[in-house]
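Asks: Sharing a structure with you now.
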Amino acid sequence: MPEQSSIPTIPTLSDAYTYALDAWQRSILFLDVMRQRGAQYEEHTAQTAPNVLDYEAELVCDGRKLDRPVNYALVRIVPPAGAVIDPLKKPFVVVDPRAGHGPGIGGFKADSEIGVAIKAGHACYFIGFLPEPVPGQTIEDITRSEAIFLETVIARHPDADGKPCVIGNCQAGWAVMILASLRPELFGPIIIAGAPLSYWAGVRGQYPMRYSGGLLGGSWLTALTGDLGAGIFDGAWLVQNFENQNPANTLWTKQYNLYSKVDTEAGRYLGFERWWGGHVRLNAEEMQFIVDELFVGNKLAAGKIQTSDGTTIDMRNIRSPIVVFCSKGDNITPPAQALDWILDLYDSVDEIRAHGQTIVYTVHEKIGHLGIFVSAGVARKEHDEFASNIDLIDVLPPGLYEAVLEPVGPAVENPDLVSGEWIMRCEARTLDDIRAFGGNDLEDDRRFAAAARVSEINLALYRTYLQPWIKGMVTPPMAEAMRSMHPLRLQYEVFGPGNPFMAWVEAAAGLIRDARQPVAPDNPLLALQENMSRQVVDGLEAWRQMVEHLSEQKFREVYGAPALQAALGIDTQTDRPPRKAAKNLLHHALLENKIAALKADMAKGGIREALARALLFVGMARGRVDERGFEAVRRLRRAHPSAKQLTLAEFKALMRTQYFMLLVDEEAALADIPKLLPEKIEERGAAFAALREVLEAPGLLTGIAAERLKSVTALFGLSGEAPVPLMVRKAARDRNPS
């Protein structure tokens, strides 16, 4: 006999009446929200500089007034009442993506990238853009303008302890990385969130957006769209592409969620739609560069993009720590696309260290692409920790790390050294940890290389035979008329104030709100409604999965064909990936000179160098760096006047130099520690106590780390019991005041 709960309840006439009344009222309220959305769209698009920032902003630099004008601008975020900004902390600069939507997603609400930076005491700036491009502007022009913006921020904060921390969201991520490759001296830590950098990468059977370029025959369609726009590429097509990735949400879930929760959901829905519907435009040349060089060509990670003066854009030139934030639930920028540029550039972690680079990544388990920027939970956790511990990230030794966040619980040691609700530690990783997220094999890369060659051929054919005809026929008024008829714009217009059939909705909705009678949650017809909604979602999901499977299968069959690859000149005999970055012989020579200099300087310095070397030697055995240890260093710097003389940049340089000395010749570097120490045993003892305090801030040392600490004790010439750190003595006094 089935359980009571599994037997469907037969609705009564009363159930049917109350449900019908509720459904009718919800329908009118839903239409009213659609009316408000249309009115909001018209108001938003009528603004000169529309954005969705939740903060007051003041213009600092207008890109339209530069020598090479662009439609970008730098603004300062005015801190809200009660916010305390520390002028000594490095400023944050948030760069929003120009991927079809308007600017502001990084400061969409209080719990945002801008919000957490201000809460952590950092001055904050925002680089946004206007909806219309300046005629003739290029991606290179925008890069130059952003360099000027960063120079302006640096000049406004001469006392800051370090260069600005720059956040690049989504498509702004590759733009930030291009600029950092060309002008590394302008950057403090770089955070790239949901940013695609390795466009061919992915996992079979998952997120097939990367196949789109090949299935459409390459970038000729981008050129055609730009020509139909009379030299303007409509960003609404990019938004449409995003929406096509999730038809269940686009066609049903988003609207049904509003309809089913119309009494409480309207505010959130309208807030999001204000950004989602703020379509912007790009010059056709800008979009062509993005598709040819990045999306289809995948040339950025391979170091194959050059500026107009012949400078090669090589991400190995970046000297600032790079923080990569991505998610397994992101169908736009899955982990492979966000991380596999590391595999394209480096063969080992030793190569990362040899280039002096620090790369930190963290991978969320399920958040979607937009959630990386707009989720309050993500802002309060990942972005909050990055902002609070940005100085820790800045001074990490070169290498590859994963940022691991652990909640602060009652069993956590030294919780007073933790800044928030989570403890951040950076754990050493290898390239195999990146490969574990999945990615292409050599055959996959050859398929994408073949698709890139086909794209070049088709684009050349289009430009030769069709483009002159298209350009001759399309006039600016005709292009504007076609843009106004885009389906995404029409959905706003149909329900907007311009539709006379919507005139009665506002008054009717007001009457309904006064007499609102929501249906009871246990009404059986409401359960039937929810069940029908799930069936619609399941059907659309099944359709999506079938289309994605067929798309992947067709791409693999067409571009994996040996005859096609041979005709396109794809080398199928070599084991070298088609887009592998070449080695730099000059860098190898410079590295040899640097190693010689490090060996010559091992015995130079004093107590600072000795402490830094010992700290790194013991800490390396743990394979991780904990924020509590760095906070202990901070407190020691504040407590000792001599330590205060070091700026953060000087401290970073000190730690890096000592770290490289240990890598070059650990035995010699350790043997020279006694030469750096003061003669007086009391001074050595005090220095060792400070060292041990920092090392034991995350917890007592065990295993190899504890053995290394004993070795350091001997190097410091301390016999018997080593001095007890102040932190341990204080804890003992708290337990036993007598």
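Residue numbers start at 1 in each chain; chains themselves are named A, B, ... in the order of the structure tokens; ligands are numbered from 1 in the order shown.
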Stretch 250-461 of chain A: which residues are strand (DSSP E or B) by DSSP, as a PyMOL selection string?

Replies: chain A and resi 281-283+306+312+322-327+358-364+399-407+422-428

Asks: Please, could you write that set of residues out with N, CA and C atoms as a short mmCIF file (atom, residue, chain, number, x, y, z; two decimals), in the first residue's frame?

Replies:
data_model
loop_
_atom_site.label_atom_id
_atom_site.label_comp_id
_atom_site.auth_asym_id
_atom_site.auth_seq_id
_atom_site.Cartn_x
_atom_site.Cartn_y
_atom_site.Cartn_z
N ARG A 281 27.30 48.36 -28.11
CA ARG A 281 27.77 48.06 -29.46
C ARG A 281 29.30 48.13 -29.51
N LEU A 282 29.86 47.44 -30.47
CA LEU A 282 31.30 47.46 -30.71
C LEU A 282 31.55 47.81 -32.17
N ASN A 283 32.70 48.40 -32.45
CA ASN A 283 33.09 48.55 -33.84
C ASN A 283 33.31 47.17 -34.44
N GLN A 306 50.42 40.18 -31.87
CA GLN A 306 51.35 41.30 -31.88
C GLN A 306 50.59 42.61 -31.99
N THR A 312 55.27 41.56 -29.26
CA THR A 312 54.54 40.31 -29.01
C THR A 312 53.92 40.33 -27.62
N ILE A 322 48.83 36.44 -10.17
CA ILE A 322 47.60 36.29 -10.96
C ILE A 322 46.67 35.34 -10.20
N VAL A 323 45.48 35.83 -9.87
CA VAL A 323 44.48 35.02 -9.19
C VAL A 323 43.40 34.65 -10.20
N VAL A 324 43.18 33.36 -10.40
CA VAL A 324 42.18 32.88 -11.36
C VAL A 324 41.01 32.30 -10.57
N PHE A 325 39.83 32.87 -10.78
CA PHE A 325 38.63 32.38 -10.10
C PHE A 325 37.67 31.86 -11.16
N CYS A 326 37.32 30.59 -11.08
CA CYS A 326 36.42 29.99 -12.06
C CYS A 326 35.53 28.99 -11.35
N SER A 327 34.64 28.33 -12.11
CA SER A 327 33.68 27.42 -11.50
C SER A 327 33.39 26.24 -12.41
N THR A 358 53.66 34.21 -9.94
CA THR A 358 52.85 33.59 -8.89
C THR A 358 51.43 33.46 -9.41
N ILE A 359 50.94 32.24 -9.50
CA ILE A 359 49.59 32.00 -10.00
C ILE A 359 48.80 31.27 -8.92
N VAL A 360 47.67 31.86 -8.54
CA VAL A 360 46.78 31.28 -7.53
C VAL A 360 45.44 31.04 -8.19
N TYR A 361 44.89 29.85 -8.04
CA TYR A 361 43.57 29.60 -8.62
C TYR A 361 42.64 29.03 -7.56
N THR A 362 41.37 29.26 -7.76
CA THR A 362 40.35 28.61 -6.94
C THR A 362 39.18 28.26 -7.83
N VAL A 363 38.61 27.09 -7.64
CA VAL A 363 37.54 26.58 -8.50
C VAL A 363 36.30 26.31 -7.65
N HIS A 364 35.25 27.06 -7.92
CA HIS A 364 33.98 26.85 -7.23
C HIS A 364 33.33 25.57 -7.75
N GLY A 399 55.30 30.53 -8.02
CA GLY A 399 54.86 29.14 -8.10
C GLY A 399 53.39 29.06 -8.41
N LEU A 400 52.85 27.87 -8.33
CA LEU A 400 51.44 27.61 -8.60
C LEU A 400 50.76 27.17 -7.31
N TYR A 401 49.63 27.82 -6.98
CA TYR A 401 48.93 27.55 -5.73
C TYR A 401 47.44 27.44 -5.99
N GLU A 402 46.79 26.72 -5.07
CA GLU A 402 45.33 26.74 -5.03
C GLU A 402 44.90 27.42 -3.74
N ALA A 403 43.99 28.39 -3.86
CA ALA A 403 43.44 29.05 -2.68
C ALA A 403 42.33 28.18 -2.11
N VAL A 404 42.53 27.72 -0.89
CA VAL A 404 41.56 26.86 -0.21
C VAL A 404 40.96 27.65 0.94
N LEU A 405 39.63 27.68 1.01
CA LEU A 405 38.93 28.44 2.04
C LEU A 405 38.29 27.47 3.03
N GLU A 406 38.59 27.68 4.30
CA GLU A 406 38.09 26.81 5.37
C GLU A 406 37.33 27.66 6.38
N PRO A 407 36.11 27.26 6.75
CA PRO A 407 35.36 28.08 7.72
C PRO A 407 36.05 28.12 9.07
N TRP A 422 36.24 33.03 7.10
CA TRP A 422 36.94 31.93 6.44
C TRP A 422 38.44 32.11 6.60
N ILE A 423 39.15 31.01 6.68
CA ILE A 423 40.61 31.03 6.67
C ILE A 423 41.06 30.72 5.26
N MET A 424 41.90 31.57 4.69
CA MET A 424 42.43 31.30 3.36
C MET A 424 43.86 30.80 3.48
N ARG A 425 44.11 29.70 2.84
CA ARG A 425 45.49 29.22 2.74
C ARG A 425 45.77 28.89 1.28
N CYS A 426 46.98 29.15 0.87
CA CYS A 426 47.40 28.90 -0.50
C CYS A 426 48.30 27.66 -0.51
N GLU A 427 47.82 26.58 -1.11
CA GLU A 427 48.52 25.30 -1.10
C GLU A 427 49.24 25.10 -2.44
N ALA A 428 50.49 24.65 -2.36
CA ALA A 428 51.30 24.44 -3.56
C ALA A 428 50.68 23.36 -4.44
#

Asks: Pick from A:Ala690, A:Ala509, A:Ala669, A:Ala581: nearest to A:Val262, with only C-alpha atoms counted?

Replies: A:Ala509

Asks: I'd like the contact shell of stretch 561-567 of chain A - 10 Å cut-off, only C-alpha atoms, skipping same-chain residues fewer than 6 positions apart - returned as a list in words.

Replies: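 What passes the distance filter is Arg446, Arg447, Ala449, Ala450, Ala451, Arg453, Val454 and Phe555 of chain A.
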
Asks: Measuring atom to atom with only C-alpha atoms, identify which of A:Gln658, A:Ser455, A:Thr464, A:Asn531 is nearest to A:Arg613.

Replies: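 Checking each of A:Gln658, A:Ser455, A:Thr464, A:Asn531 against A:Arg613, counting only C-alpha atoms, the winner is A:Gln658.
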
Asks: Can you tell me which residues surround A:Ser198 at a distance of at most 6 Å, considering only C-alpha atoms, apart from same-chain residues fewer than 6 positions away, and format the answer as a list in words?

Replies: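 Within the cut-off, the hits are Gln337, Asp340 and Trp341 of chain A.
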
Asks: Selected residues, C-alpha atoms, written as a compact mmCIF listing (two decimals), in the first residue's frame, please.

Replies:
# COMPACT_ATOMS: atom_id res chain seq x y z
CA GLN A 337 39.27 27.60 -20.54
CA ASP A 340 44.76 25.76 -19.44
CA TRP A 341 46.72 28.83 -20.58

Asks: Excluding same-chain residues fewer than 5 positions from stretch 493-506 of chain A, what lies within 6 Å of it counting only C-alpha atoms, as a list in words?

Replies: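 Non-adjacent residues within range: Asp32, Met34, Arg35, Gly38 and Ala39 of chain A.
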
Asks: So that I have them on file, write out the residues from the current selection with C-alpha atoms, as a PDB file, in the first residue's frame.

Replies:
ATOM      1  CA  ASP A  32       2.869  44.664 -14.783  1.00  0.00           C
ATOM      2  CA  MET A  34       6.930  43.141 -17.809  1.00  0.00           C
ATOM      3  CA  ARG A  35       5.540  46.667 -18.285  1.00  0.00           C
ATOM      4  CA  GLY A  38       9.953  47.770 -20.722  1.00  0.00           C
ATOM      5  CA  ALA A  39       9.774  51.231 -19.162  1.00  0.00           C
TER       6      ALA A  39
END

Asks: Quick one: everything within 12 Å of A:Tyr55, counting only C-alpha atoms, minus sequence neighbours fewer than 3 positions away in the same chain. Send it as JSON, numbers by chain.

Replies: {"A": [51, 52, 58, 75, 76, 77, 78, 79, 80, 81, 104, 105, 106, 107, 108, 109, 110, 111, 112, 113, 114, 115, 118, 124, 125, 126]}

Asks: Could you name the residues that touch A:Val70 at 6 Å or less, counting only C-alpha atoms, but leaving out those on the same chain fewer than 4 positions away, as a count of residues only?

Replies: 4

Asks: What does the structure give for the distance between atom CA of A:Asp672 and atom CA of A:Ala589, in Å to one decimal?

Replies: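 Atom CA of A:Ala589 lies 26.5 Å from atom CA of A:Asp672.
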
Asks: Distance atom CA of A:Asn169-atom CA of A:Ile192, one decimal place?

Replies: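 Taking atom CA of A:Asn169 and atom CA of A:Ile192, their separation equals 5.9 Å.
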
Asks: Restricting the calculation to only C-alpha atoms: of A:Gly560, A:Gly100, A:Gly703, A:Pro334, which residue gets closest to A:His279?

Replies: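 Between A:Gly560, A:Gly100, A:Gly703, A:Pro334, the residue approaching A:His279 most closely is A:Gly100.
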
Asks: If you run DSSP on the backbone, which residues of stretch 240-397 of chain A are helix (DSSP H, G or I), as a ChimeraX atom specification?

Replies: /A:240-244,247-260,262-276,284-296,315-317,335-339,341-345,349-354,371-374,376-388,390-394

Asks: Which one of A:Ala49, A:Ala266, A:Leu611, A:Ile342 sits closest to A:Arg37 if you count only C-alpha atoms?

Replies: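 Closest to A:Arg37, using only C-alpha atoms: A:Ala266.
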
Asks: Using only C-alpha atoms, find the one residue out of A:Thr333, A:Gln517, A:Gln206, A:Thr225 that sits nearest to A:Tyr462.

Replies: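 Nearest to A:Tyr462: A:Thr225.
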
Asks: Using atom CA of A:Ala460 and atom CA of A:His486 as the two end points, give the distance in Å to one decimal.

Replies: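 Rounded to one decimal, the two atoms are 27.6 Å apart.
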